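Colleague: Got a structure here, written out as structure tokens. Questions coming.
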Amino acid sequence: MKRRKYRKGDILFHKGDLADEMFLAETGKYLVHGWDIELQPGQIFGELGLLTPGYYRTQAIECVEAGRVLTLPYDEVRALYFENPEFGFHFLRLASGRLLEDKERAEQMLAAERAAHAAAR
């Protein structure tokens with residue numbers, strides 16, 4: 001893994017960027033744009049890009065408190081996935097959990113929009 005430092009306000013990646021690595025927050029705090037989710041030390045992110053057609057980022061990440069991240073290239077993530085069943089299962093649970101959380105947020109946002117629209121009638 002490689003270590004990188006980020007300052008407050010730095011963008012780690014933008015939505016739509018080509019994705020080629022996964023991140024582990026070591027220190028600092030990071031914000032997922034669009035969902036306003038704050039990532040804390042110990043959290044993994046950037047994994048969904050490995051699973052998207054074309055390997056594109058699904059959201060932007062901004063550093064909101066200076067810190068360090070560890071990065072792992074997707075080639076190494078793939079190798080770990082196939083070589084270590086425990087890691088592979090953890091990766092699948094992480095990615096599917098993230099997708100289910102995003103789905104729940106989207107459903108809540110849609111329900112709020114519908115309620116606001118119905119109240120405006």
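Ordering of the structure tokens sets the chain letters (A, B, ...); residue numbers start at 1 within each chain; ligands are numbered from 1 in the order shown.
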Sorted by chain and rising residue number, which residues of stretch 20-44 of chain A lie within 9 Å of stretch 70-90 of chain A, and what are their closest atom pairs and distances in Å to one decimal, counting only C-alpha atoms, as JSON lines?
Modeller:
```
{"residue": "A:Asp20", "atom": "CA", "partner": "A:Tyr74", "partner_atom": "CA", "distance": 5.4}
{"residue": "A:Glu21", "atom": "CA", "partner": "A:Pro73", "partner_atom": "CA", "distance": 4.1}
{"residue": "A:Met22", "atom": "CA", "partner": "A:Leu72", "partner_atom": "CA", "distance": 5.2}
{"residue": "A:Phe23", "atom": "CA", "partner": "A:Thr71", "partner_atom": "CA", "distance": 4.6}
{"residue": "A:Leu24", "atom": "CA", "partner": "A:Leu70", "partner_atom": "CA", "distance": 5.1}
{"residue": "A:Ala25", "atom": "CA", "partner": "A:Leu70", "partner_atom": "CA", "distance": 6.5}
{"residue": "A:Glu26", "atom": "CA", "partner": "A:Leu70", "partner_atom": "CA", "distance": 6.6}
```
Colleague: Mind dumping the selected residues with N, CA, C and O atoms as a short mmCIF file (atom, residue, chain, number, x, y, z; two decimals), in the first residue's frame?
Modeller:
```cif
data_model
loop_
_atom_site.label_atom_id
_atom_site.label_comp_id
_atom_site.auth_asym_id
_atom_site.auth_seq_id
_atom_site.Cartn_x
_atom_site.Cartn_y
_atom_site.Cartn_z
N ASP A 20 -8.74 3.45 -10.32
CA ASP A 20 -7.74 2.40 -10.42
C ASP A 20 -7.16 1.97 -9.08
O ASP A 20 -6.22 1.20 -9.02
N GLU A 21 -7.75 2.48 -7.97
CA GLU A 21 -7.25 2.12 -6.65
C GLU A 21 -8.33 2.29 -5.60
O GLU A 21 -9.29 3.02 -5.78
N MET A 22 -8.14 1.58 -4.49
CA MET A 22 -9.03 1.63 -3.34
C MET A 22 -8.28 2.35 -2.22
O MET A 22 -7.06 2.34 -2.18
N PHE A 23 -9.01 2.97 -1.30
CA PHE A 23 -8.43 3.78 -0.24
C PHE A 23 -8.81 3.26 1.14
O PHE A 23 -9.91 2.74 1.33
N LEU A 24 -7.91 3.48 2.09
CA LEU A 24 -8.19 3.24 3.51
C LEU A 24 -7.80 4.52 4.24
O LEU A 24 -6.64 4.95 4.17
N ALA A 25 -8.78 5.15 4.89
CA ALA A 25 -8.49 6.38 5.65
C ALA A 25 -7.67 5.99 6.87
O ALA A 25 -8.10 5.20 7.70
N GLU A 26 -6.48 6.56 6.97
CA GLU A 26 -5.60 6.30 8.10
C GLU A 26 -5.81 7.37 9.19
O GLU A 26 -5.98 7.04 10.36
#
```
Colleague: Quick check for you: according to DSSP on this backbone, which residues of chain A are classed as strand (DSSP E)? Reply as a PDB file with all heavy atoms, in the first residue's frame.
Modeller:
```pdb
ATOM      1  N   LYS A   2       0.402   2.269  -0.649  1.00  0.00           N
ATOM      2  CA  LYS A   2       1.107   3.548  -0.670  1.00  0.00           C
ATOM      3  C   LYS A   2       0.376   4.524   0.239  1.00  0.00           C
ATOM      4  O   LYS A   2      -0.839   4.510   0.326  1.00  0.00           O
ATOM      5  CB  LYS A   2       1.166   4.112  -2.086  1.00  0.00           C
ATOM      6  CG  LYS A   2       2.030   3.312  -3.018  1.00  0.00           C
ATOM      7  CD  LYS A   2       2.086   3.968  -4.378  1.00  0.00           C
ATOM      8  CE  LYS A   2       2.920   3.110  -5.312  1.00  0.00           C
ATOM      9  NZ  LYS A   2       2.945   3.658  -6.659  1.00  0.00           N
ATOM     10  N   ARG A   3       1.131   5.390   0.883  1.00  0.00           N
ATOM     11  CA  ARG A   3       0.563   6.388   1.790  1.00  0.00           C
ATOM     12  C   ARG A   3       0.560   7.740   1.084  1.00  0.00           C
ATOM     13  O   ARG A   3       1.536   8.122   0.449  1.00  0.00           O
ATOM     14  CB  ARG A   3       1.394   6.455   3.063  1.00  0.00           C
ATOM     15  CG  ARG A   3       0.889   7.459   4.074  1.00  0.00           C
ATOM     16  CD  ARG A   3       1.647   7.358   5.380  1.00  0.00           C
ATOM     17  NE  ARG A   3       1.129   6.218   6.117  1.00  0.00           N
ATOM     18  CZ  ARG A   3       1.894   5.285   6.683  1.00  0.00           C
ATOM     19  NH1 ARG A   3       3.191   5.336   6.605  1.00  0.00           N
ATOM     20  NH2 ARG A   3       1.334   4.293   7.335  1.00  0.00           N
ATOM     21  N   ARG A   4      -0.561   8.461   1.212  1.00  0.00           N
ATOM     22  CA  ARG A   4      -0.671   9.812   0.655  1.00  0.00           C
ATOM     23  C   ARG A   4      -1.210  10.748   1.723  1.00  0.00           C
ATOM     24  O   ARG A   4      -2.063  10.364   2.517  1.00  0.00           O
ATOM     25  CB  ARG A   4      -1.648   9.830  -0.525  1.00  0.00           C
ATOM     26  CG  ARG A   4      -1.145   9.127  -1.726  1.00  0.00           C
ATOM     27  CD  ARG A   4      -2.015   9.489  -2.928  1.00  0.00           C
ATOM     28  NE  ARG A   4      -1.709   8.582  -4.001  1.00  0.00           N
ATOM     29  CZ  ARG A   4      -2.607   7.990  -4.759  1.00  0.00           C
ATOM     30  NH1 ARG A   4      -3.886   8.234  -4.564  1.00  0.00           N
ATOM     31  NH2 ARG A   4      -2.252   7.186  -5.721  1.00  0.00           N
ATOM     32  N   LYS A   5      -0.735  11.988   1.675  1.00  0.00           N
ATOM     33  CA  LYS A   5      -1.220  13.018   2.588  1.00  0.00           C
ATOM     34  C   LYS A   5      -2.165  13.939   1.833  1.00  0.00           C
ATOM     35  O   LYS A   5      -1.936  14.247   0.657  1.00  0.00           O
ATOM     36  CB  LYS A   5      -0.057  13.848   3.136  1.00  0.00           C
ATOM     37  CG  LYS A   5       0.854  13.100   4.063  1.00  0.00           C
ATOM     38  CD  LYS A   5       1.944  14.023   4.568  1.00  0.00           C
ATOM     39  CE  LYS A   5       2.877  13.266   5.496  1.00  0.00           C
ATOM     40  NZ  LYS A   5       3.941  14.144   6.006  1.00  0.00           N
ATOM     41  N   TYR A   6      -3.214  14.393   2.529  1.00  0.00           N
ATOM     42  CA  TYR A   6      -4.161  15.344   1.956  1.00  0.00           C
ATOM     43  C   TYR A   6      -4.394  16.477   2.939  1.00  0.00           C
ATOM     44  O   TYR A   6      -4.373  16.270   4.157  1.00  0.00           O
ATOM     45  CB  TYR A   6      -5.495  14.663   1.621  1.00  0.00           C
ATOM     46  CG  TYR A   6      -5.377  13.728   0.446  1.00  0.00           C
ATOM     47  CD1 TYR A   6      -5.197  12.368   0.630  1.00  0.00           C
ATOM     48  CD2 TYR A   6      -5.432  14.219  -0.854  1.00  0.00           C
ATOM     49  CE1 TYR A   6      -5.077  11.509  -0.447  1.00  0.00           C
ATOM     50  CE2 TYR A   6      -5.315  13.366  -1.939  1.00  0.00           C
ATOM     51  CZ  TYR A   6      -5.130  12.015  -1.725  1.00  0.00           C
ATOM     52  OH  TYR A   6      -5.004  11.171  -2.801  1.00  0.00           O
ATOM     53  N   ILE A  11      -9.344  17.499  -3.156  1.00  0.00           N
ATOM     54  CA  ILE A  11     -10.264  16.511  -3.726  1.00  0.00           C
ATOM     55  C   ILE A  11      -9.451  15.264  -4.057  1.00  0.00           C
ATOM     56  O   ILE A  11      -8.487  15.341  -4.818  1.00  0.00           O
ATOM     57  CB  ILE A  11     -10.963  17.052  -5.001  1.00  0.00           C
ATOM     58  CG1 ILE A  11     -11.711  18.355  -4.704  1.00  0.00           C
ATOM     59  CG2 ILE A  11     -11.883  15.987  -5.600  1.00  0.00           C
ATOM     60  CD1 ILE A  11     -12.880  18.219  -3.749  1.00  0.00           C
ATOM     61  N   LEU A  12      -9.845  14.130  -3.480  1.00  0.00           N
ATOM     62  CA  LEU A  12      -9.121  12.892  -3.741  1.00  0.00           C
ATOM     63  C   LEU A  12      -9.452  12.374  -5.135  1.00  0.00           C
ATOM     64  O   LEU A  12      -8.584  11.865  -5.833  1.00  0.00           O
ATOM     65  CB  LEU A  12      -9.447  11.826  -2.692  1.00  0.00           C
ATOM     66  CG  LEU A  12      -8.744  12.000  -1.348  1.00  0.00           C
ATOM     67  CD1 LEU A  12      -9.235  13.194  -0.577  1.00  0.00           C
ATOM     68  CD2 LEU A  12      -8.848  10.742  -0.524  1.00  0.00           C
ATOM     69  N   PHE A  13     -10.738  12.457  -5.509  1.00  0.00           N
ATOM     70  CA  PHE A  13     -11.163  12.135  -6.866  1.00  0.00           C
ATOM     71  C   PHE A  13     -12.550  12.703  -7.100  1.00  0.00           C
ATOM     72  O   PHE A  13     -13.278  13.010  -6.161  1.00  0.00           O
ATOM     73  CB  PHE A  13     -11.121  10.626  -7.159  1.00  0.00           C
ATOM     74  CG  PHE A  13     -11.848   9.752  -6.171  1.00  0.00           C
ATOM     75  CD1 PHE A  13     -13.216   9.587  -6.200  1.00  0.00           C
ATOM     76  CD2 PHE A  13     -11.132   9.055  -5.209  1.00  0.00           C
ATOM     77  CE1 PHE A  13     -13.869   8.770  -5.308  1.00  0.00           C
ATOM     78  CE2 PHE A  13     -11.771   8.225  -4.295  1.00  0.00           C
ATOM     79  CZ  PHE A  13     -13.148   8.085  -4.348  1.00  0.00           C
ATOM     80  N   GLU A  21      -7.745   2.485  -7.974  1.00  0.00           N
ATOM     81  CA  GLU A  21      -7.247   2.116  -6.655  1.00  0.00           C
ATOM     82  C   GLU A  21      -8.329   2.288  -5.603  1.00  0.00           C
ATOM     83  O   GLU A  21      -9.288   3.021  -5.780  1.00  0.00           O
ATOM     84  CB  GLU A  21      -6.018   2.945  -6.283  1.00  0.00           C
ATOM     85  CG  GLU A  21      -6.292   4.426  -6.219  1.00  0.00           C
ATOM     86  CD  GLU A  21      -5.037   5.267  -6.099  1.00  0.00           C
ATOM     87  OE1 GLU A  21      -3.946   4.721  -5.871  1.00  0.00           O
ATOM     88  OE2 GLU A  21      -5.161   6.497  -6.232  1.00  0.00           O
ATOM     89  N   MET A  22      -8.137   1.577  -4.492  1.00  0.00           N
ATOM     90  CA  MET A  22      -9.026   1.630  -3.344  1.00  0.00           C
ATOM     91  C   MET A  22      -8.283   2.349  -2.223  1.00  0.00           C
ATOM     92  O   MET A  22      -7.056   2.343  -2.184  1.00  0.00           O
ATOM     93  CB  MET A  22      -9.361   0.186  -2.943  1.00  0.00           C
ATOM     94  CG  MET A  22     -10.454   0.019  -1.957  1.00  0.00           C
ATOM     95  SD  MET A  22     -11.001  -1.713  -1.854  1.00  0.00           S
ATOM     96  CE  MET A  22      -9.655  -2.463  -0.972  1.00  0.00           C
ATOM     97  N   PHE A  23      -9.014   2.966  -1.296  1.00  0.00           N
ATOM     98  CA  PHE A  23      -8.431   3.783  -0.239  1.00  0.00           C
ATOM     99  C   PHE A  23      -8.809   3.256   1.141  1.00  0.00           C
ATOM    100  O   PHE A  23      -9.910   2.737   1.328  1.00  0.00           O
ATOM    101  CB  PHE A  23      -8.960   5.217  -0.330  1.00  0.00           C
ATOM    102  CG  PHE A  23      -8.575   5.938  -1.592  1.00  0.00           C
ATOM    103  CD1 PHE A  23      -9.208   5.665  -2.793  1.00  0.00           C
ATOM    104  CD2 PHE A  23      -7.583   6.906  -1.576  1.00  0.00           C
ATOM    105  CE1 PHE A  23      -8.870   6.330  -3.952  1.00  0.00           C
ATOM    106  CE2 PHE A  23      -7.232   7.586  -2.726  1.00  0.00           C
ATOM    107  CZ  PHE A  23      -7.876   7.291  -3.924  1.00  0.00           C
ATOM    108  N   LEU A  24      -7.912   3.479   2.095  1.00  0.00           N
ATOM    109  CA  LEU A  24      -8.187   3.244   3.509  1.00  0.00           C
ATOM    110  C   LEU A  24      -7.801   4.523   4.237  1.00  0.00           C
ATOM    111  O   LEU A  24      -6.641   4.953   4.172  1.00  0.00           O
ATOM    112  CB  LEU A  24      -7.362   2.069   4.050  1.00  0.00           C
ATOM    113  CG  LEU A  24      -7.388   1.874   5.570  1.00  0.00           C
ATOM    114  CD1 LEU A  24      -8.785   1.509   6.061  1.00  0.00           C
ATOM    115  CD2 LEU A  24      -6.388   0.807   5.987  1.00  0.00           C
ATOM    116  N   ALA A  25      -8.779   5.151   4.895  1.00  0.00           N
ATOM    117  CA  ALA A  25      -8.493   6.376   5.652  1.00  0.00           C
ATOM    118  C   ALA A  25      -7.669   5.994   6.874  1.00  0.00           C
ATOM    119  O   ALA A  25      -8.104   5.200   7.704  1.00  0.00           O
ATOM    120  CB  ALA A  25      -9.792   7.055   6.064  1.00  0.00           C
ATOM    121  N   LYS A  29     -10.425  13.276   7.972  1.00  0.00           N
ATOM    122  CA  LYS A  29     -11.835  13.021   7.645  1.00  0.00           C
ATOM    123  C   LYS A  29     -12.062  13.388   6.190  1.00  0.00           C
ATOM    124  O   LYS A  29     -11.470  14.335   5.676  1.00  0.00           O
ATOM    125  CB  LYS A  29     -12.763  13.841   8.548  1.00  0.00           C
ATOM    126  CG  LYS A  29     -12.721  13.407   9.985  1.00  0.00           C
ATOM    127  CD  LYS A  29     -13.676  14.206  10.836  1.00  0.00           C
ATOM    128  CE  LYS A  29     -13.521  13.791  12.293  1.00  0.00           C
ATOM    129  NZ  LYS A  29     -14.263  14.665  13.182  1.00  0.00           N
ATOM    130  N   TYR A  30     -12.981  12.656   5.554  1.00  0.00           N
ATOM    131  CA  TYR A  30     -13.226  12.800   4.127  1.00  0.00           C
ATOM    132  C   TYR A  30     -14.726  12.800   3.887  1.00  0.00           C
ATOM    133  O   TYR A  30     -15.463  12.063   4.542  1.00  0.00           O
ATOM    134  CB  TYR A  30     -12.540  11.653   3.372  1.00  0.00           C
ATOM    135  CG  TYR A  30     -11.079  11.578   3.748  1.00  0.00           C
ATOM    136  CD1 TYR A  30     -10.663  10.829   4.849  1.00  0.00           C
ATOM    137  CD2 TYR A  30     -10.137  12.315   3.061  1.00  0.00           C
ATOM    138  CE1 TYR A  30      -9.335  10.808   5.246  1.00  0.00           C
ATOM    139  CE2 TYR A  30      -8.803  12.297   3.438  1.00  0.00           C
ATOM    140  CZ  TYR A  30      -8.413  11.547   4.530  1.00  0.00           C
ATOM    141  OH  TYR A  30      -7.098  11.540   4.923  1.00  0.00           O
ATOM    142  N   LEU A  31     -15.175  13.628   2.954  1.00  0.00           N
ATOM    143  CA  LEU A  31     -16.600  13.790   2.694  1.00  0.00           C
ATOM    144  C   LEU A  31     -16.958  13.208   1.333  1.00  0.00           C
ATOM    145  O   LEU A  31     -16.296  13.506   0.331  1.00  0.00           O
ATOM    146  CB  LEU A  31     -16.968  15.277   2.721  1.00  0.00           C
ATOM    147  CG  LEU A  31     -18.438  15.614   2.507  1.00  0.00           C
ATOM    148  CD1 LEU A  31     -19.272  15.152   3.704  1.00  0.00           C
ATOM    149  CD2 LEU A  31     -18.609  17.110   2.296  1.00  0.00           C
ATOM    150  N   VAL A  32     -18.020  12.396   1.301  1.00  0.00           N
ATOM    151  CA  VAL A  32     -18.543  11.862   0.046  1.00  0.00           C
ATOM    152  C   VAL A  32     -19.549  12.882  -0.472  1.00  0.00           C
ATOM    153  O   VAL A  32     -20.616  13.063   0.134  1.00  0.00           O
ATOM    154  CB  VAL A  32     -19.234  10.493   0.249  1.00  0.00           C
ATOM    155  CG1 VAL A  32     -19.756   9.967  -1.079  1.00  0.00           C
ATOM    156  CG2 VAL A  32     -18.293   9.504   0.918  1.00  0.00           C
ATOM    157  N   ILE A  37     -21.739  12.185   3.348  1.00  0.00           N
ATOM    158  CA  ILE A  37     -21.299  11.168   4.298  1.00  0.00           C
ATOM    159  C   ILE A  37     -19.858  11.474   4.669  1.00  0.00           C
ATOM    160  O   ILE A  37     -19.022  11.707   3.799  1.00  0.00           O
ATOM    161  CB  ILE A  37     -21.370   9.759   3.665  1.00  0.00           C
ATOM    162  CG1 ILE A  37     -22.806   9.426   3.274  1.00  0.00           C
ATOM    163  CG2 ILE A  37     -20.801   8.715   4.607  1.00  0.00           C
ATOM    164  CD1 ILE A  37     -22.917   8.193   2.411  1.00  0.00           C
ATOM    165  N   GLU A  38     -19.579  11.475   5.961  1.00  0.00           N
ATOM    166  CA  GLU A  38     -18.213  11.716   6.423  1.00  0.00           C
ATOM    167  C   GLU A  38     -17.528  10.384   6.699  1.00  0.00           C
ATOM    168  O   GLU A  38     -18.050   9.556   7.441  1.00  0.00           O
ATOM    169  CB  GLU A  38     -18.230  12.577   7.688  1.00  0.00           C
ATOM    170  CG  GLU A  38     -16.873  13.155   8.009  1.00  0.00           C
ATOM    171  CD  GLU A  38     -16.956  14.192   9.107  1.00  0.00           C
ATOM    172  OE1 GLU A  38     -16.909  13.787  10.286  1.00  0.00           O
ATOM    173  OE2 GLU A  38     -17.072  15.387   8.783  1.00  0.00           O
ATOM    174  N   LEU A  39     -16.381  10.195   6.074  1.00  0.00           N
ATOM    175  CA  LEU A  39     -15.590   8.980   6.257  1.00  0.00           C
ATOM    176  C   LEU A  39     -14.531   9.238   7.317  1.00  0.00           C
ATOM    177  O   LEU A  39     -13.833  10.243   7.274  1.00  0.00           O
ATOM    178  CB  LEU A  39     -14.933   8.579   4.937  1.00  0.00           C
ATOM    179  CG  LEU A  39     -15.897   8.329   3.779  1.00  0.00           C
ATOM    180  CD1 LEU A  39     -15.139   8.189   2.479  1.00  0.00           C
ATOM    181  CD2 LEU A  39     -16.753   7.114   4.055  1.00  0.00           C
ATOM    182  N   ILE A  44     -12.794   2.105   4.581  1.00  0.00           N
ATOM    183  CA  ILE A  44     -12.360   1.839   3.209  1.00  0.00           C
ATOM    184  C   ILE A  44     -13.319   2.553   2.274  1.00  0.00           C
ATOM    185  O   ILE A  44     -14.521   2.577   2.514  1.00  0.00           O
ATOM    186  CB  ILE A  44     -12.364   0.327   2.931  1.00  0.00           C
ATOM    187  CG1 ILE A  44     -11.300  -0.361   3.774  1.00  0.00           C
ATOM    188  CG2 ILE A  44     -12.153   0.046   1.445  1.00  0.00           C
ATOM    189  CD1 ILE A  44     -11.346  -1.869   3.716  1.00  0.00           C
ATOM    190  N   PHE A  45     -12.783   3.129   1.198  1.00  0.00           N
ATOM    191  CA  PHE A  45     -13.631   3.753   0.187  1.00  0.00           C
ATOM    192  C   PHE A  45     -12.956   3.671  -1.174  1.00  0.00           C
ATOM    193  O   PHE A  45     -11.779   3.348  -1.264  1.00  0.00           O
ATOM    194  CB  PHE A  45     -14.002   5.192   0.561  1.00  0.00           C
ATOM    195  CG  PHE A  45     -12.833   6.121   0.764  1.00  0.00           C
ATOM    196  CD1 PHE A  45     -12.395   6.934  -0.267  1.00  0.00           C
ATOM    197  CD2 PHE A  45     -12.190   6.202   1.987  1.00  0.00           C
ATOM    198  CE1 PHE A  45     -11.326   7.800  -0.086  1.00  0.00           C
ATOM    199  CE2 PHE A  45     -11.133   7.068   2.188  1.00  0.00           C
ATOM    200  CZ  PHE A  45     -10.690   7.867   1.140  1.00  0.00           C
ATOM    201  N   ILE A  61     -14.809  12.629  -3.584  1.00  0.00           N
ATOM    202  CA  ILE A  61     -14.381  12.592  -2.184  1.00  0.00           C
ATOM    203  C   ILE A  61     -13.494  13.805  -1.929  1.00  0.00           C
ATOM    204  O   ILE A  61     -12.548  14.056  -2.667  1.00  0.00           O
ATOM    205  CB  ILE A  61     -13.580  11.311  -1.856  1.00  0.00           C
ATOM    206  CG1 ILE A  61     -14.374  10.052  -2.173  1.00  0.00           C
ATOM    207  CG2 ILE A  61     -13.100  11.340  -0.404  1.00  0.00           C
ATOM    208  CD1 ILE A  61     -15.510   9.752  -1.250  1.00  0.00           C
ATOM    209  N   GLU A  62     -13.823  14.542  -0.852  1.00  0.00           N
ATOM    210  CA  GLU A  62     -13.055  15.723  -0.461  1.00  0.00           C
ATOM    211  C   GLU A  62     -12.482  15.523   0.938  1.00  0.00           C
ATOM    212  O   GLU A  62     -13.150  14.986   1.821  1.00  0.00           O
ATOM    213  CB  GLU A  62     -13.955  16.953  -0.444  1.00  0.00           C
ATOM    214  CG  GLU A  62     -13.260  18.218  -0.008  1.00  0.00           C
ATOM    215  CD  GLU A  62     -14.186  19.416   0.065  1.00  0.00           C
ATOM    216  OE1 GLU A  62     -15.371  19.295  -0.303  1.00  0.00           O
ATOM    217  OE2 GLU A  62     -13.719  20.481   0.498  1.00  0.00           O
ATOM    218  N   CYS A  63     -11.252  15.964   1.130  1.00  0.00           N
ATOM    219  CA  CYS A  63     -10.641  15.952   2.458  1.00  0.00           C
ATOM    220  C   CYS A  63     -11.204  17.134   3.248  1.00  0.00           C
ATOM    221  O   CYS A  63     -11.108  18.270   2.803  1.00  0.00           O
ATOM    222  CB  CYS A  63      -9.122  16.062   2.335  1.00  0.00           C
ATOM    223  SG  CYS A  63      -8.278  16.075   3.926  1.00  0.00           S
ATOM    224  N   VAL A  64     -11.828  16.867   4.397  1.00  0.00           N
ATOM    225  CA  VAL A  64     -12.400  17.937   5.214  1.00  0.00           C
ATOM    226  C   VAL A  64     -11.607  18.159   6.507  1.00  0.00           C
ATOM    227  O   VAL A  64     -11.849  19.124   7.221  1.00  0.00           O
ATOM    228  CB  VAL A  64     -13.900  17.700   5.521  1.00  0.00           C
ATOM    229  CG1 VAL A  64     -14.721  17.794   4.254  1.00  0.00           C
ATOM    230  CG2 VAL A  64     -14.133  16.386   6.238  1.00  0.00           C
ATOM    231  N   GLU A  65     -10.692  17.266   6.810  1.00  0.00           N
ATOM    232  CA  GLU A  65      -9.757  17.420   7.927  1.00  0.00           C
ATOM    233  C   GLU A  65      -8.471  16.736   7.498  1.00  0.00           C
ATOM    234  O   GLU A  65      -8.473  15.548   7.166  1.00  0.00           O
ATOM    235  CB  GLU A  65     -10.307  16.757   9.187  1.00  0.00           C
ATOM    236  CG  GLU A  65      -9.404  16.886  10.398  1.00  0.00           C
ATOM    237  CD  GLU A  65      -9.987  16.164  11.606  1.00  0.00           C
ATOM    238  OE1 GLU A  65     -10.993  16.641  12.136  1.00  0.00           O
ATOM    239  OE2 GLU A  65      -9.423  15.115  11.989  1.00  0.00           O
ATOM    240  N   GLY A  67      -5.243  14.737   6.618  1.00  0.00           N
ATOM    241  CA  GLY A  67      -4.921  13.391   7.053  1.00  0.00           C
ATOM    242  C   GLY A  67      -4.172  12.601   5.999  1.00  0.00           C
ATOM    243  O   GLY A  67      -3.713  13.147   5.001  1.00  0.00           O
ATOM    244  N   ARG A  68      -4.086  11.298   6.265  1.00  0.00           N
ATOM    245  CA  ARG A  68      -3.388  10.380   5.368  1.00  0.00           C
ATOM    246  C   ARG A  68      -4.307   9.227   5.005  1.00  0.00           C
ATOM    247  O   ARG A  68      -5.138   8.798   5.799  1.00  0.00           O
ATOM    248  CB  ARG A  68      -2.144   9.823   6.040  1.00  0.00           C
ATOM    249  CG  ARG A  68      -1.074  10.840   6.338  1.00  0.00           C
ATOM    250  CD  ARG A  68       0.167  10.185   6.950  1.00  0.00           C
ATOM    251  NE  ARG A  68      -0.132   9.294   8.066  1.00  0.00           N
ATOM    252  CZ  ARG A  68      -0.196   9.667   9.344  1.00  0.00           C
ATOM    253  NH1 ARG A  68       0.000  10.925   9.672  1.00  0.00           N
ATOM    254  NH2 ARG A  68      -0.457   8.783  10.283  1.00  0.00           N
ATOM    255  N   VAL A  69      -4.098   8.733   3.793  1.00  0.00           N
ATOM    256  CA  VAL A  69      -4.799   7.535   3.341  1.00  0.00           C
ATOM    257  C   VAL A  69      -3.771   6.540   2.838  1.00  0.00           C
ATOM    258  O   VAL A  69      -2.667   6.904   2.437  1.00  0.00           O
ATOM    259  CB  VAL A  69      -5.833   7.827   2.224  1.00  0.00           C
ATOM    260  CG1 VAL A  69      -6.917   8.774   2.707  1.00  0.00           C
ATOM    261  CG2 VAL A  69      -5.163   8.347   0.973  1.00  0.00           C
ATOM    262  N   LEU A  70      -4.145   5.283   2.868  1.00  0.00           N
ATOM    263  CA  LEU A  70      -3.371   4.228   2.240  1.00  0.00           C
ATOM    264  C   LEU A  70      -4.128   3.822   0.985  1.00  0.00           C
ATOM    265  O   LEU A  70      -5.360   3.748   0.996  1.00  0.00           O
ATOM    266  CB  LEU A  70      -3.229   3.032   3.185  1.00  0.00           C
ATOM    267  CG  LEU A  70      -2.508   3.309   4.500  1.00  0.00           C
ATOM    268  CD1 LEU A  70      -2.599   2.101   5.422  1.00  0.00           C
ATOM    269  CD2 LEU A  70      -1.051   3.673   4.237  1.00  0.00           C
ATOM    270  N   THR A  71      -3.392   3.583  -0.103  1.00  0.00           N
ATOM    271  CA  THR A  71      -4.045   3.201  -1.354  1.00  0.00           C
ATOM    272  C   THR A  71      -3.567   1.818  -1.776  1.00  0.00           C
ATOM    273  O   THR A  71      -2.430   1.423  -1.495  1.00  0.00           O
ATOM    274  CB  THR A  71      -3.746   4.202  -2.481  1.00  0.00           C
ATOM    275  OG1 THR A  71      -2.342   4.203  -2.762  1.00  0.00           O
ATOM    276  CG2 THR A  71      -4.209   5.600  -2.104  1.00  0.00           C
ATOM    277  N   LEU A  72      -4.461   1.102  -2.439  1.00  0.00           N
ATOM    278  CA  LEU A  72      -4.146  -0.219  -2.962  1.00  0.00           C
ATOM    279  C   LEU A  72      -4.649  -0.278  -4.399  1.00  0.00           C
ATOM    280  O   LEU A  72      -5.854  -0.109  -4.650  1.00  0.00           O
ATOM    281  CB  LEU A  72      -4.838  -1.294  -2.114  1.00  0.00           C
ATOM    282  CG  LEU A  72      -4.481  -2.747  -2.410  1.00  0.00           C
ATOM    283  CD1 LEU A  72      -2.996  -3.007  -2.144  1.00  0.00           C
ATOM    284  CD2 LEU A  72      -5.330  -3.677  -1.551  1.00  0.00           C
ATOM    285  N   PRO A  73      -3.742  -0.476  -5.364  1.00  0.00           N
ATOM    286  CA  PRO A  73      -4.158  -0.540  -6.772  1.00  0.00           C
ATOM    287  C   PRO A  73      -5.152  -1.682  -6.997  1.00  0.00           C
ATOM    288  O   PRO A  73      -5.069  -2.736  -6.357  1.00  0.00           O
ATOM    289  CB  PRO A  73      -2.851  -0.796  -7.530  1.00  0.00           C
ATOM    290  CG  PRO A  73      -1.763  -0.407  -6.593  1.00  0.00           C
ATOM    291  CD  PRO A  73      -2.303  -0.638  -5.205  1.00  0.00           C
TER     292      PRO A  73
END
```
Colleague: Can you tell me, as a ChimeraX atom specification, what residues are no more than 9 Å from A:Ala95 when counting only C-alpha atoms, ignoring any on the same chain fewer than 4 positions away?
Modeller: /A:47-48,51,90-91,99-100
Colleague: Using only C-alpha atoms, pick whichever of A:His14, A:Lys103, A:Arg114, A:Lys8 has the shortest atom-to-atom distance to A:Gly49.
Modeller: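 Looking at the shortest contact to A:Gly49, the residue is A:His14.
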Colleague: What lies within 10 Å of A:Gly34 using only C-alpha atoms, ignoring chain neighbours under 4 positions off, as a PyMOL selection string?
Modeller: chain A and resi 15+58-61
Colleague: Emit the selected residues as a PDB file, in the first residue's frame, including C-alpha atoms.
Modeller:
```
ATOM      1  CA  LYS A  15     -17.320  11.587  -9.852  1.00  0.00           C
ATOM      2  CA  THR A  58     -19.399   6.946  -8.551  1.00  0.00           C
ATOM      3  CA  GLN A  59     -18.939  10.010  -6.284  1.00  0.00           C
ATOM      4  CA  ALA A  60     -16.393  12.697  -5.415  1.00  0.00           C
ATOM      5  CA  ILE A  61     -14.381  12.592  -2.184  1.00  0.00           C
TER       6      ILE A  61
END
```
Colleague: Identify which of the residues A:Leu18, A:Gln43, A:Asp102, A:Gly28 lies closest to A:Ala66, counting only C-alpha atoms when measuring atom-to-atom distances.
Modeller: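 Closest to A:Ala66, using only C-alpha atoms: A:Gly28.
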